[in-house]
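One file, entry-v3.txt, carrying compact mmCIF, C-alpha atoms:
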```
# COMPACT_ATOMS: atom_id res chain seq x y z
CA MET S 1 -62.80 30.42 -57.23
CA GLU S 2 -63.67 29.11 -53.80
CA GLU S 3 -63.39 25.52 -55.02
CA SER S 4 -59.89 26.17 -56.41
CA LYS S 5 -58.75 27.61 -53.07
CA ARG S 6 -60.04 24.58 -51.26
CA ALA S 7 -58.25 22.33 -53.76
CA ASP S 8 -55.02 24.27 -53.15
CA VAL S 9 -55.39 23.94 -49.39
CA TYR S 10 -56.10 20.22 -49.71
CA SER S 11 -53.05 19.80 -51.90
CA VAL S 12 -51.02 21.49 -49.18
CA SER S 13 -52.48 19.02 -46.72
CA LYS S 14 -51.61 16.08 -48.98
CA GLY S 15 -48.11 17.45 -49.50
CA GLY S 16 -47.69 17.83 -45.78
CA GLU S 17 -48.95 14.30 -45.35
CA LYS S 18 -46.35 12.93 -47.74
CA LYS S 19 -43.63 14.96 -46.12
CA TYR S 20 -44.39 13.82 -42.59
CA ARG S 21 -45.18 10.23 -43.53
CA GLY S 22 -41.70 9.98 -45.02
CA MET S 23 -40.36 10.62 -41.53
CA ARG S 24 -41.99 7.40 -40.30
CA ASN S 25 -43.18 8.63 -36.94
CA PRO S 26 -45.86 6.34 -35.40
CA ARG S 27 -47.65 9.16 -33.61
CA LEU S 28 -47.75 11.17 -36.82
CA ASP S 29 -49.10 8.17 -38.76
CA ASN S 30 -52.09 7.99 -36.39
CA VAL S 31 -52.91 11.61 -37.07
CA LEU S 32 -52.63 11.13 -40.82
CA GLU S 33 -54.81 8.01 -40.74
CA ARG S 34 -57.51 10.00 -38.99
CA VAL S 35 -57.23 12.72 -41.63
CA GLN S 36 -57.18 10.24 -44.51
CA GLY S 37 -60.10 8.22 -43.23
CA ARG S 38 -62.51 11.16 -43.25
CA ASP S 39 -64.58 12.14 -46.27
CA SER S 40 -62.95 14.94 -48.20
CA SER S 41 -66.23 16.78 -48.49
CA LEU S 42 -66.59 16.89 -44.73
CA PHE S 43 -62.96 17.57 -43.96
CA LYS S 44 -62.23 20.93 -45.49
CA PRO S 45 -59.38 22.46 -43.45
CA SER S 46 -58.41 26.07 -43.62
CA ALA S 47 -54.85 27.36 -44.01
CA SER S 48 -54.66 28.23 -40.28
CA GLU S 49 -55.67 24.66 -39.37
CA ILE S 50 -53.01 23.24 -41.64
CA ASN S 51 -50.37 25.46 -40.01
CA MET S 52 -51.56 24.39 -36.56
CA TYR S 53 -51.19 20.71 -37.48
CA GLN S 54 -47.73 21.31 -38.90
CA ARG S 55 -46.50 23.11 -35.79
CA HIS S 56 -47.96 20.45 -33.55
CA LEU S 57 -46.44 17.63 -35.58
CA ASP S 58 -43.06 19.38 -35.54
CA GLU S 59 -43.25 19.36 -31.74
CA VAL S 60 -44.20 15.68 -31.72
CA LEU S 61 -41.24 14.79 -33.92
CA ALA S 62 -38.82 16.84 -31.88
CA ASP S 63 -40.18 15.33 -28.66
CA SER S 64 -39.67 11.79 -29.94
CA GLY S 65 -36.20 12.47 -31.37
CA PRO S 66 -32.95 13.79 -29.84
CA LYS S 67 -34.84 16.05 -27.46
CA ALA S 68 -35.79 13.07 -25.30
CA ASP S 69 -32.13 12.34 -24.77
CA ASP S 70 -31.51 16.00 -23.96
CA ASP S 71 -34.27 15.89 -21.34
CA LEU S 72 -32.69 12.82 -19.75
CA LEU S 73 -29.29 14.50 -19.69
CA ARG S 74 -30.79 17.65 -18.22
CA ASN S 75 -32.53 15.67 -15.50
CA LEU S 76 -29.26 13.96 -14.65
CA LEU S 77 -27.42 17.28 -14.53
CA ASP S 78 -30.07 18.62 -12.16
CA LEU S 79 -28.71 16.07 -9.68
CA SER S 80 -25.17 17.28 -10.30
CA PRO S 81 -24.24 18.08 -6.68
CA THR S 82 -24.88 14.50 -5.62
CA LEU S 83 -23.50 12.94 -8.80
CA SER S 84 -20.39 15.11 -8.86
CA GLU S 85 -19.65 14.27 -5.23
CA ALA S 86 -20.00 10.55 -5.93
CA ALA S 87 -17.93 10.77 -9.12
CA SER S 88 -15.17 12.72 -7.42
CA ALA S 89 -15.07 10.13 -4.64
CA ILE S 90 -14.57 7.38 -7.22
CA ILE S 91 -12.31 9.11 -9.73
CA ASP S 92 -10.26 11.49 -7.60
CA ASP S 93 -10.26 10.18 -4.05
CA SER S 94 -7.36 12.24 -2.72
CA PHE S 95 -7.89 10.94 0.81
CA THR S 96 -7.53 7.23 0.00
CA ARG S 97 -4.56 7.95 -2.23
CA CYS S 98 -2.66 9.27 0.79
CA PHE S 99 -2.57 5.78 2.28
CA LYS S 100 -1.99 3.64 -0.80
CA SER S 101 1.30 2.04 -1.70
CA ASN S 102 2.00 1.89 -5.41
CA SER S 103 2.98 -1.60 -6.51
CA PRO S 104 6.21 -1.71 -8.52
CA GLU S 105 5.81 -2.40 -12.21
CA PRO S 106 7.18 -5.80 -13.32
CA TRP S 107 10.29 -5.53 -15.44
CA ASN S 108 11.22 -9.22 -15.85
CA TRP S 109 8.96 -9.56 -18.87
CA ASN S 110 11.24 -11.21 -21.41
CA ILE S 111 13.92 -13.88 -21.74
CA TYR S 112 16.71 -11.32 -21.49
CA LEU S 113 15.62 -9.66 -18.25
CA PHE S 114 14.26 -12.68 -16.39
CA PRO S 115 17.73 -14.19 -15.65
CA LEU S 116 18.84 -10.85 -14.17
CA TRP S 117 15.74 -10.78 -11.98
CA VAL S 118 16.46 -14.32 -10.74
CA VAL S 119 20.05 -13.31 -9.90
CA GLY S 120 18.70 -10.30 -8.00
CA VAL S 121 16.30 -12.43 -5.96
CA ILE S 122 19.10 -14.84 -5.06
CA MET S 123 21.36 -11.95 -4.06
CA ARG S 124 18.76 -10.23 -1.90
CA TYR S 125 17.26 -13.28 -0.18
CA GLY S 126 20.19 -15.69 -0.23
CA ILE S 127 23.15 -13.39 0.50
CA LEU S 128 22.17 -9.89 1.68
CA PHE S 129 19.31 -10.90 3.97
CA PRO S 130 21.30 -13.49 6.00
CA ILE S 131 24.16 -11.01 6.45
CA ARG S 132 21.77 -8.26 7.55
CA LEU S 133 19.94 -10.61 9.92
CA VAL S 134 23.20 -11.68 11.58
CA LEU S 135 24.24 -8.04 11.88
CA LEU S 136 20.91 -7.16 13.51
CA ILE S 137 21.13 -10.05 15.97
CA ILE S 138 24.69 -9.12 16.97
CA GLY S 139 23.62 -5.51 17.42
CA TRP S 140 20.74 -6.52 19.70
CA VAL S 141 23.00 -8.76 21.79
CA ILE S 142 25.47 -5.91 22.32
CA PHE S 143 22.69 -3.43 23.02
CA LEU S 144 20.82 -5.55 25.57
CA GLY S 145 24.11 -6.69 27.18
CA LEU S 146 24.93 -3.07 27.95
CA PHE S 147 21.51 -1.45 28.35
CA ILE S 148 20.13 -3.81 31.02
CA PRO S 149 22.98 -3.40 33.56
CA ILE S 150 23.19 0.34 32.92
CA HIS S 151 19.45 0.81 33.32
CA PHE S 152 19.19 -1.12 36.59
CA CYS S 153 22.63 -0.60 38.18
CA ILE S 154 23.35 3.11 37.72
CA LYS S 155 20.12 4.56 39.04
CA LYS S 156 21.94 6.79 41.53
CA HIS S 157 23.76 8.64 38.75
CA GLU S 158 20.81 9.87 36.76
CA LYS S 159 22.63 12.11 34.27
CA LEU S 160 25.31 9.52 33.52
CA ARG S 161 22.69 6.82 33.06
CA GLN S 162 20.63 8.97 30.68
CA LYS S 163 23.71 9.85 28.65
CA LEU S 164 24.73 6.21 28.28
CA GLU S 165 21.20 5.14 27.42
CA ARG S 166 20.93 7.83 24.77
CA GLY S 167 24.16 6.60 23.22
CA LEU S 168 22.93 3.00 23.22
CA VAL S 169 19.60 3.95 21.59
CA GLU S 170 21.46 5.80 18.86
CA PHE S 171 23.63 2.71 18.42
CA ILE S 172 20.76 0.25 18.01
CA CYS S 173 19.01 2.63 15.58
CA SER S 174 22.22 2.74 13.52
CA VAL S 175 22.21 -1.07 13.50
CA PHE S 176 18.64 -1.05 12.16
CA VAL S 177 19.58 1.37 9.40
CA ALA S 178 22.59 -0.79 8.50
CA SER S 179 20.32 -3.86 8.30
CA TRP S 180 18.46 -2.14 5.46
CA THR S 181 21.67 -0.92 3.83
CA GLY S 182 20.31 2.53 4.54
CA VAL S 183 21.70 5.42 2.52
CA ILE S 184 20.63 8.46 4.55
CA LYS S 185 21.67 12.01 3.67
CA TYR S 186 21.22 14.65 6.37
CA HIS S 187 21.01 18.28 5.32
CA GLY S 188 21.33 21.17 7.73
CA PRO S 189 22.65 21.58 11.28
CA ARG S 190 22.27 18.66 13.66
CA PRO S 191 19.58 19.20 16.35
CA SER S 192 20.77 20.16 19.83
CA ARG S 193 19.24 20.02 23.29
CA ARG S 194 17.58 23.33 24.14
CA ALA S 195 14.63 24.39 26.21
CA LYS S 196 11.43 25.69 24.63
CA GLN S 197 11.76 23.92 21.30
CA VAL S 198 9.99 21.07 19.54
CA PHE S 199 10.78 19.22 16.32
CA VAL S 200 8.01 18.28 13.86
CA ALA S 201 8.32 16.02 10.80
CA ASN S 202 6.16 14.41 8.14
CA HIS S 203 5.42 10.75 8.82
CA THR S 204 5.76 7.81 6.42
CA SER S 205 6.65 4.85 8.64
CA MET S 206 7.84 4.00 12.11
CA ILE S 207 11.32 3.88 10.60
CA ASP S 208 11.14 7.70 10.45
CA PHE S 209 11.89 7.62 14.15
CA ILE S 210 14.80 5.21 13.64
CA VAL S 211 16.26 7.33 10.83
CA LEU S 212 16.16 10.47 12.96
CA GLU S 213 17.11 8.75 16.21
CA GLN S 214 20.46 7.46 14.96
CA MET S 215 21.63 11.08 14.71
CA THR S 216 19.94 12.56 17.79
CA ALA S 217 18.28 10.89 20.76
CA PHE S 218 14.78 12.36 20.49
CA ALA S 219 11.95 11.89 22.92
CA VAL S 220 9.03 11.06 20.67
CA ILE S 221 5.27 11.11 21.02
CA MET S 222 3.97 7.84 19.64
CA GLN S 223 0.88 5.66 19.46
CA LYS S 224 0.95 2.64 21.77
CA HIS S 225 1.69 -0.55 19.85
CA PRO S 226 1.23 -4.21 20.82
CA GLY S 227 3.81 -6.99 20.67
CA TRP S 228 7.58 -6.57 20.83
CA VAL S 229 7.28 -2.95 19.68
CA GLY S 230 5.14 -2.16 22.71
CA LEU S 231 7.69 -3.91 24.95
CA LEU S 232 10.44 -1.67 23.59
CA GLN S 233 8.25 1.36 24.14
CA THR S 234 7.70 0.64 27.81
CA THR S 235 11.33 -0.28 28.53
CA VAL S 236 14.01 1.09 26.20
CA LEU S 237 12.27 4.18 24.81
CA GLU S 238 10.75 5.07 28.16
CA SER S 239 14.25 6.00 29.31
CA LEU S 240 14.35 8.77 26.69
CA GLY S 241 11.28 10.47 28.08
CA CYS S 242 8.99 9.34 25.25
CA ILE S 243 5.27 9.94 25.62
CA TRP S 244 2.70 7.34 24.58
CA PHE S 245 -0.98 7.77 23.80
CA ASN S 246 -3.98 5.85 22.52
CA ARG S 247 -6.12 7.41 19.77
CA THR S 248 -9.30 5.85 21.11
CA GLU S 249 -8.87 7.27 24.62
CA SER S 250 -10.11 10.86 24.91
CA LYS S 251 -8.52 11.21 28.38
CA ASP S 252 -5.09 10.54 26.89
CA ARG S 253 -5.21 13.84 25.01
CA MET S 254 -5.35 15.91 28.19
CA ILE S 255 -2.63 13.85 29.83
CA VAL S 256 -0.39 14.12 26.76
CA ALA S 257 -0.92 17.89 26.57
CA LYS S 258 0.28 18.30 30.17
CA LYS S 259 3.30 16.06 29.59
CA LEU S 260 4.21 18.01 26.47
CA LYS S 261 4.30 21.34 28.25
CA HIS S 262 6.34 19.90 31.12
CA HIS S 263 8.81 18.24 28.74
CA VAL S 264 9.33 21.37 26.62
CA GLU S 265 9.98 23.56 29.65
CA ASP S 266 12.61 21.17 31.10
CA PRO S 267 16.09 22.14 29.75
CA ASP S 268 17.56 18.74 30.71
CA SER S 269 15.07 16.68 28.72
CA ASN S 270 15.83 15.21 25.31
CA PRO S 271 14.66 17.12 22.21
CA LEU S 272 10.99 16.48 21.63
CA LEU S 273 9.96 14.98 18.26
CA ILE S 274 6.33 15.05 17.09
CA PHE S 275 4.72 13.70 13.95
CA PRO S 276 1.76 16.12 13.76
CA GLU S 277 0.01 14.22 10.96
CA GLY S 278 -0.83 11.58 13.56
CA THR S 279 -0.61 8.70 11.11
CA CYS S 280 1.62 7.24 8.40
CA VAL S 281 1.17 8.78 4.93
CA ASN S 282 2.70 7.36 1.74
CA ASN S 283 5.36 10.09 1.34
CA GLU S 284 3.62 11.50 -1.72
CA TYR S 285 1.09 13.57 0.24
CA THR S 286 0.89 15.32 3.57
CA VAL S 287 -2.36 15.50 5.54
CA MET S 288 -3.38 18.17 8.05
CA PHE S 289 -1.12 18.83 11.02
CA LYS S 290 -2.60 18.59 14.49
CA LYS S 291 -2.33 21.95 16.20
CA GLY S 292 -1.20 20.61 19.60
CA ALA S 293 2.50 20.87 18.74
CA PHE S 294 2.00 24.50 17.75
CA GLU S 295 0.26 25.61 20.96
CA LEU S 296 3.22 25.01 23.26
CA ASP S 297 4.53 28.59 23.03
CA CYS S 298 7.95 27.45 21.87
CA THR S 299 10.16 27.33 18.79
CA VAL S 300 9.11 24.79 16.16
CA CYS S 301 11.91 23.13 14.15
CA PRO S 302 10.56 21.51 10.94
CA ILE S 303 12.11 18.32 9.57
CA ALA S 304 11.35 17.13 6.02
CA ILE S 305 11.80 13.43 5.20
CA LYS S 306 11.73 12.11 1.64
CA TYR S 307 12.30 8.48 0.64
CA ASN S 308 13.54 7.44 -2.77
CA LYS S 309 11.34 4.59 -4.03
CA ILE S 310 13.82 3.34 -6.60
CA PHE S 311 14.67 0.29 -4.46
CA VAL S 312 11.80 0.00 -1.98
CA ASP S 313 8.72 1.88 -0.84
CA ALA S 314 9.24 2.77 2.83
CA PHE S 315 5.55 3.47 3.47
CA TRP S 316 4.07 1.32 6.24
CA ASN S 317 0.37 0.53 6.00
CA SER S 318 -0.32 -0.66 9.53
CA LYS S 319 -3.78 -1.96 8.57
CA LYS S 320 -2.41 -4.40 6.01
CA GLN S 321 1.03 -5.25 7.33
CA SER S 322 2.63 -5.76 10.73
CA PHE S 323 5.77 -3.85 11.56
CA THR S 324 7.74 -7.09 11.62
CA MET S 325 6.77 -7.86 8.02
CA HIS S 326 7.48 -4.26 7.10
CA LEU S 327 11.04 -4.59 8.46
CA LEU S 328 11.42 -7.90 6.64
CA ARG S 329 10.49 -6.23 3.37
CA LEU S 330 13.08 -3.52 3.98
CA MET S 331 15.75 -6.06 4.88
CA THR S 332 15.15 -8.01 1.66
CA SER S 333 15.38 -4.93 -0.55
CA TRP S 334 18.53 -3.57 -2.15
CA ALA S 335 18.66 -0.42 -0.02
CA VAL S 336 16.62 2.27 1.72
CA VAL S 337 17.50 5.67 0.28
CA CYS S 338 16.36 8.74 2.18
CA ASP S 339 16.99 12.49 2.47
CA VAL S 340 16.44 14.41 5.71
CA TRP S 341 16.34 18.21 5.85
CA TYR S 342 16.57 20.12 9.13
CA LEU S 343 14.78 23.34 8.22
CA GLU S 344 14.94 26.80 9.72
CA PRO S 345 13.25 27.09 13.15
CA GLN S 346 9.92 28.93 13.19
CA THR S 347 8.03 30.89 15.82
CA LEU S 348 4.45 32.06 16.08
CA ARG S 349 3.98 35.38 14.29
CA PRO S 350 1.95 38.26 15.79
CA GLY S 351 -1.74 37.77 15.10
CA GLU S 352 -1.20 34.24 13.77
CA THR S 353 -3.33 31.39 15.11
CA SER S 354 -1.97 27.96 15.94
CA ILE S 355 -3.78 26.49 12.93
CA GLU S 356 -2.22 29.05 10.59
CA PHE S 357 1.15 28.39 12.20
CA ALA S 358 0.74 24.65 11.59
CA GLU S 359 -0.20 25.24 7.94
CA ARG S 360 2.81 27.48 7.41
CA VAL S 361 5.17 24.83 8.77
CA ARG S 362 3.42 22.17 6.70
CA ASP S 363 3.99 24.30 3.61
CA MET S 364 7.72 24.42 4.36
CA ILE S 365 7.97 20.64 4.79
CA ALA S 366 5.88 19.91 1.69
CA ASP S 367 7.90 22.27 -0.48
CA ARG S 368 11.24 20.91 0.70
CA ALA S 369 10.27 17.23 0.45
CA GLY S 370 8.38 17.67 -2.82
CA ILE S 371 5.11 16.21 -1.55
CA LYS S 372 1.53 17.38 -2.13
CA LYS S 373 -0.75 18.93 0.47
CA VAL S 374 -4.29 17.66 0.94
CA PRO S 375 -6.95 19.15 3.25
CA TRP S 376 -7.71 15.92 5.14
CA ASP S 377 -7.49 14.86 8.75
CA GLY S 378 -5.36 11.70 8.87
CA TYR S 379 -7.39 10.31 11.79
CA LEU S 380 -10.34 9.79 9.43
CA LYS S 381 -8.82 6.52 8.24
CA TYR S 382 -9.38 5.08 11.73
CA TYR S 383 -13.07 6.00 11.90
CA ARG S 384 -16.16 5.21 9.85
CA PRO S 385 -18.67 7.98 8.96
CA SER S 386 -21.44 8.32 11.53
CA VAL S 387 -24.84 6.76 10.82
CA LYS S 388 -26.50 10.18 11.07
CA LEU S 389 -24.23 11.63 8.39
CA THR S 390 -24.93 8.70 6.06
CA GLU S 391 -28.69 8.94 6.60
CA LYS S 392 -28.63 12.69 5.99
CA LYS S 393 -26.83 12.19 2.66
CA GLN S 394 -29.33 9.50 1.67
CA GLN S 395 -32.29 11.72 2.59
CA LYS S 396 -30.98 14.64 0.50
CA PHE S 397 -30.43 12.37 -2.48
CA ALA S 398 -33.91 10.84 -2.16
CA GLU S 399 -35.51 14.28 -1.96
CA SER S 400 -33.72 15.44 -5.10
CA ILE S 401 -34.84 12.31 -7.00
CA VAL S 402 -38.49 12.73 -5.90
CA ARG S 403 -38.44 16.40 -6.81
CA GLN S 404 -37.12 15.66 -10.31
CA LEU S 405 -39.68 12.90 -10.87
CA ASP S 406 -42.55 15.18 -9.79
CA ASP S 407 -41.35 17.95 -12.11
CA ARG S 408 -41.02 15.51 -14.99
CA LYS S 409 -44.51 14.09 -14.32
CA SER S 410 -46.12 17.54 -14.24
CA THR S 411 -44.31 18.55 -17.45
CA ARG S 412 -45.55 15.43 -19.24
CA SER S 413 -49.13 16.04 -18.06
CA LEU S 414 -49.03 19.61 -19.33
CA THR S 415 -47.57 18.54 -22.68
CA THR S 416 -50.21 15.82 -23.10
CA GLY S 417 -52.97 18.32 -22.36
CA LEU S 418 -51.67 20.76 -24.94
CA ARG S 419 -51.38 18.03 -27.58
CA ASP S 420 -54.91 16.74 -26.92
CA GLY S 421 -56.24 20.27 -27.11
CA GLY S 422 -54.40 20.91 -30.37
CA LEU S 423 -55.69 17.75 -32.06
CA SER S 424 -59.31 18.02 -30.89
```

Could you write out this structure as structure tokens?
Amino acid sequence: MEESKRADVYSVSKGGEKKYRGMRNPRLDNVLERVQGRDSSLFKPSASEINMYQRHLDEVLADSGPKADDDLLRNLLDLSPTLSEAASAIIDDSFTRCFKSNSPEPWNWNIYLFPLWVVGVIMRYGILFPIRLVLLIIGWVIFLGLFIPIHFCIKKHEKLRQKLERGLVEFICSVFVASWTGVIKYHGPRPSRRAKQVFVANHTSMIDFIVLEQMTAFAVIMQKHPGWVGLLQTTVLESLGCIWFNRTESKDRMIVAKKLKHHVEDPDSNPLLIFPEGTCVNNEYTVMFKKGAFELDCTVCPIAIKYNKIFVDAFWNSKKQSFTMHLLRLMTSWAVVCDVWYLEPQTLRPGETSIEFAERVRDMIADRAGIKKVPWDGYLKYYRPSVKLTEKKQQKFAESIVRQLDDRKSTRSLTTGLRDGGLS
């Protein structure tokens, strides 16, 4: 009776051997070779021993199969904060997208469309551009011929001089718009000169100022520029009461803040125009508004500007293109199409902070112009991340990697110990 039981148990062992050997697992084969190499009279396993081997071998098979991939995936997911941040920066970089100009898709891709494209190039560069250039030159000759004597010869009559200079600035801005074949639609009441008010608008290019200036002579706050643009700033636009600053100079901020308050409180000064984003954005997004324009204790008049990109993209990337080349691109296009909305004036509500006030006005402009809001400071494109911030990120990532490796090493040691104990 006892011998028959042992034979049954051994047959179970042999059946289990055949079953597991069919799975072709190297680690299992070693175990079976050890079992097979022993004398059957010496190796007389019990049913509990057979069950122990089966459970252990099941674990070995599972550990060498898909579970290993699951462990790798789990270890990667444990680093998810770092990986998700890196992936989001690559896949959905909403900050960089604010300052990218989308290249137009080529449409002259076959024999039928290519001749039309060639005719268009000849029209734009051979006919329209020379006409626009001549128009711009004539406009500048007229402007300088009148502005210089008025600016230097009528200093005693300050109000008359300012009025004439405002008219001439509006004239030259109209000439610029005509040189692009600008199609500008203005919606809402035209701005007027009043005390205690400031106009704010989204910013796509320096031509925003030209588009708005041809209707109303604004005094604008603007970054200092080099070259012929800087010369115009210090001569022509200075007569309008414009305020210049330099982003890299911290002292300029205090000086500009004082000039702003003085300008807003003066009823005889030109309407003040501010681009609170502080930089040019591609007219598809709007970045955070600086709160300085909303701390002046005055009425804020929002202006929404939206360009139609059907003929040309009006976005100016100052890092890749000079303003002269930007104007050249506009002058060689078919037309610049733009809509301008003068929105309802806004005042600070009770209990509302200047930051909340700025966000509320930004919401109005974004909704009217059909552009997306992003929670970024536009000045970040002028600065690189600090070394301390980079090192801190690297240290956190290194610590997470070391922690995962230590956990994985301890888990493997524990598993190896359990296996050795089960087989001994």

Expected axis-aligned box over every listed atom of region 121-136 of chain S, 4 Å added per side, centre plus edges in Å to one decimal, as JSON:
```
{"center_x": 20.3, "center_y": -11.4, "center_z": 3.8, "size_x": 15.9, "size_y": 16.5, "size_z": 27.5}
```

Check your understanding: What is the CA of Leu327 (chain S) to CA of Ser179 (chain S) distance in Å?
Key ->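 Separation of CA of Leu327 (chain S) and CA of Ser179 (chain S): 9.3 Å.
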
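When CA of Phe199 (chain S) is paired with CA of Thr279 (chain S), their separation reads 16.4 Å.
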
Practice item. Quote the spacing between CA of Phe289 (chain S) and CA of Ala195 (chain S) in Å to one decimal place. Key: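 Calculated distance between CA of Phe289 (chain S) and CA of Ala195 (chain S) is 22.6 Å.
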
Point to revise | Exercise: Met123 (chain S) partners within 10 Å, all atoms listed in the file, chain neighbours under 6 positions left out, as an MDAnalysis selection string | key: chainID S and resid 117 129 332:334

Residue subset to file, keeping C-alpha atoms, as an mmCIF file, in the coordinates of the input:
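Writing the result to again-v8.cif gives the following:
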```cif
data_model
loop_
_atom_site.group_PDB
_atom_site.id
_atom_site.type_symbol
_atom_site.label_atom_id
_atom_site.label_comp_id
_atom_site.auth_asym_id
_atom_site.auth_seq_id
_atom_site.Cartn_x
_atom_site.Cartn_y
_atom_site.Cartn_z
ATOM 1 C CA TRP S 117 15.740 -10.780 -11.980
ATOM 2 C CA PHE S 129 19.310 -10.900 3.970
ATOM 3 C CA THR S 332 15.150 -8.010 1.660
ATOM 4 C CA SER S 333 15.380 -4.930 -0.550
ATOM 5 C CA TRP S 334 18.530 -3.570 -2.150
#
```

Review point. Got a sec: who's within 10 Å of Thr353 (chain S), counting all atoms listed in the file, leaving out chain neighbours fewer than 4 positions off, as a PyMOL selection string?
Key: chain S and resi 291+294-295+348-349+357-359

Check your understanding: Counting only C-alpha atoms, which of S:Leu113, S:Ala369, S:Val374, S:Ile303 gets nearest to Arg190 (chain S)?
Key -> S:Ile303

Point to revise | Selection near region 312-324 of chain S, 9 Å with only C-alpha atoms, sequence-local residues under 4 positions removed, as a PyMOL selection string | key: chain S and resi 99-104+204-207+229+280-283+307-308+328-330+333-337

**Study point:** Residue among S:Lys396, S:Lys306, S:Arg124, S:His262 lying closest to Val340 (chain S), counting all atoms listed in the file
**Key:**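 Nearest to Val340 (chain S): S:Lys306.
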
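Remark: for Glu238 (chain S), the closest of the candidate residues S:Met254, S:Ala201, S:Leu296, S:Ala219 is S:Ala219 (distances computed over all atoms listed in the file).
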
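With distances taken over all atoms listed in the file, S:Gln197 is the one residue among S:Thr216, S:Thr347, S:Gln394, S:Gln197 lying closest to Leu272 (chain S).
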
Point to revise | Within 10 Å of Gln233 (chain S) using only C-alpha atoms, minus same-chain residues under 2 positions, as number ranges by chain | key: S: 222-226, 228-231, 235-240, 242-244

Practice item. Write out as a list in words each polymer residue whose atoms come within 12 Å of Asn108 (chain S), counting all atoms listed in the file; drop sequence neighbours fewer than 3 positions from it. Key: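 With the cut-off at 12 Å, the set is Pro104, Glu105, Ile111, Tyr112, Leu113, Phe114, Pro115, Leu116, Trp117, Val118, Val119, Gly120 and Val121 of chain S.
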
Residues of the last selection are to be written out with C-alpha atoms, as an mmCIF file, in the coordinates of the input.
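Now in result-v4.cif:
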```cif
data_model
loop_
_atom_site.group_PDB
_atom_site.id
_atom_site.type_symbol
_atom_site.label_atom_id
_atom_site.label_comp_id
_atom_site.auth_asym_id
_atom_site.auth_seq_id
_atom_site.Cartn_x
_atom_site.Cartn_y
_atom_site.Cartn_z
ATOM 1 C CA PRO S 104 6.210 -1.710 -8.520
ATOM 2 C CA GLU S 105 5.810 -2.400 -12.210
ATOM 3 C CA ILE S 111 13.920 -13.880 -21.740
ATOM 4 C CA TYR S 112 16.710 -11.320 -21.490
ATOM 5 C CA LEU S 113 15.620 -9.660 -18.250
ATOM 6 C CA PHE S 114 14.260 -12.680 -16.390
ATOM 7 C CA PRO S 115 17.730 -14.190 -15.650
ATOM 8 C CA LEU S 116 18.840 -10.850 -14.170
ATOM 9 C CA TRP S 117 15.740 -10.780 -11.980
ATOM 10 C CA VAL S 118 16.460 -14.320 -10.740
ATOM 11 C CA VAL S 119 20.050 -13.310 -9.900
ATOM 12 C CA GLY S 120 18.700 -10.300 -8.000
ATOM 13 C CA VAL S 121 16.300 -12.430 -5.960
#
```

Review point. Which of these residues is nearest to Asp297 (chain S), using all atoms listed in the file: S:His187, S:Lys372, S:His203, S:Lys196?
Key: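 Of S:His187, S:Lys372, S:His203, S:Lys196, the one nearest Asp297 (chain S) is S:Lys196, counting all atoms listed in the file.
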
Point to revise | Within-8 Å shell of (22.2, 8.7, 3.5) in input frame, all atoms listed in the file, as an MDAnalysis selection string | key: chainID S and resid 182:186 337:339
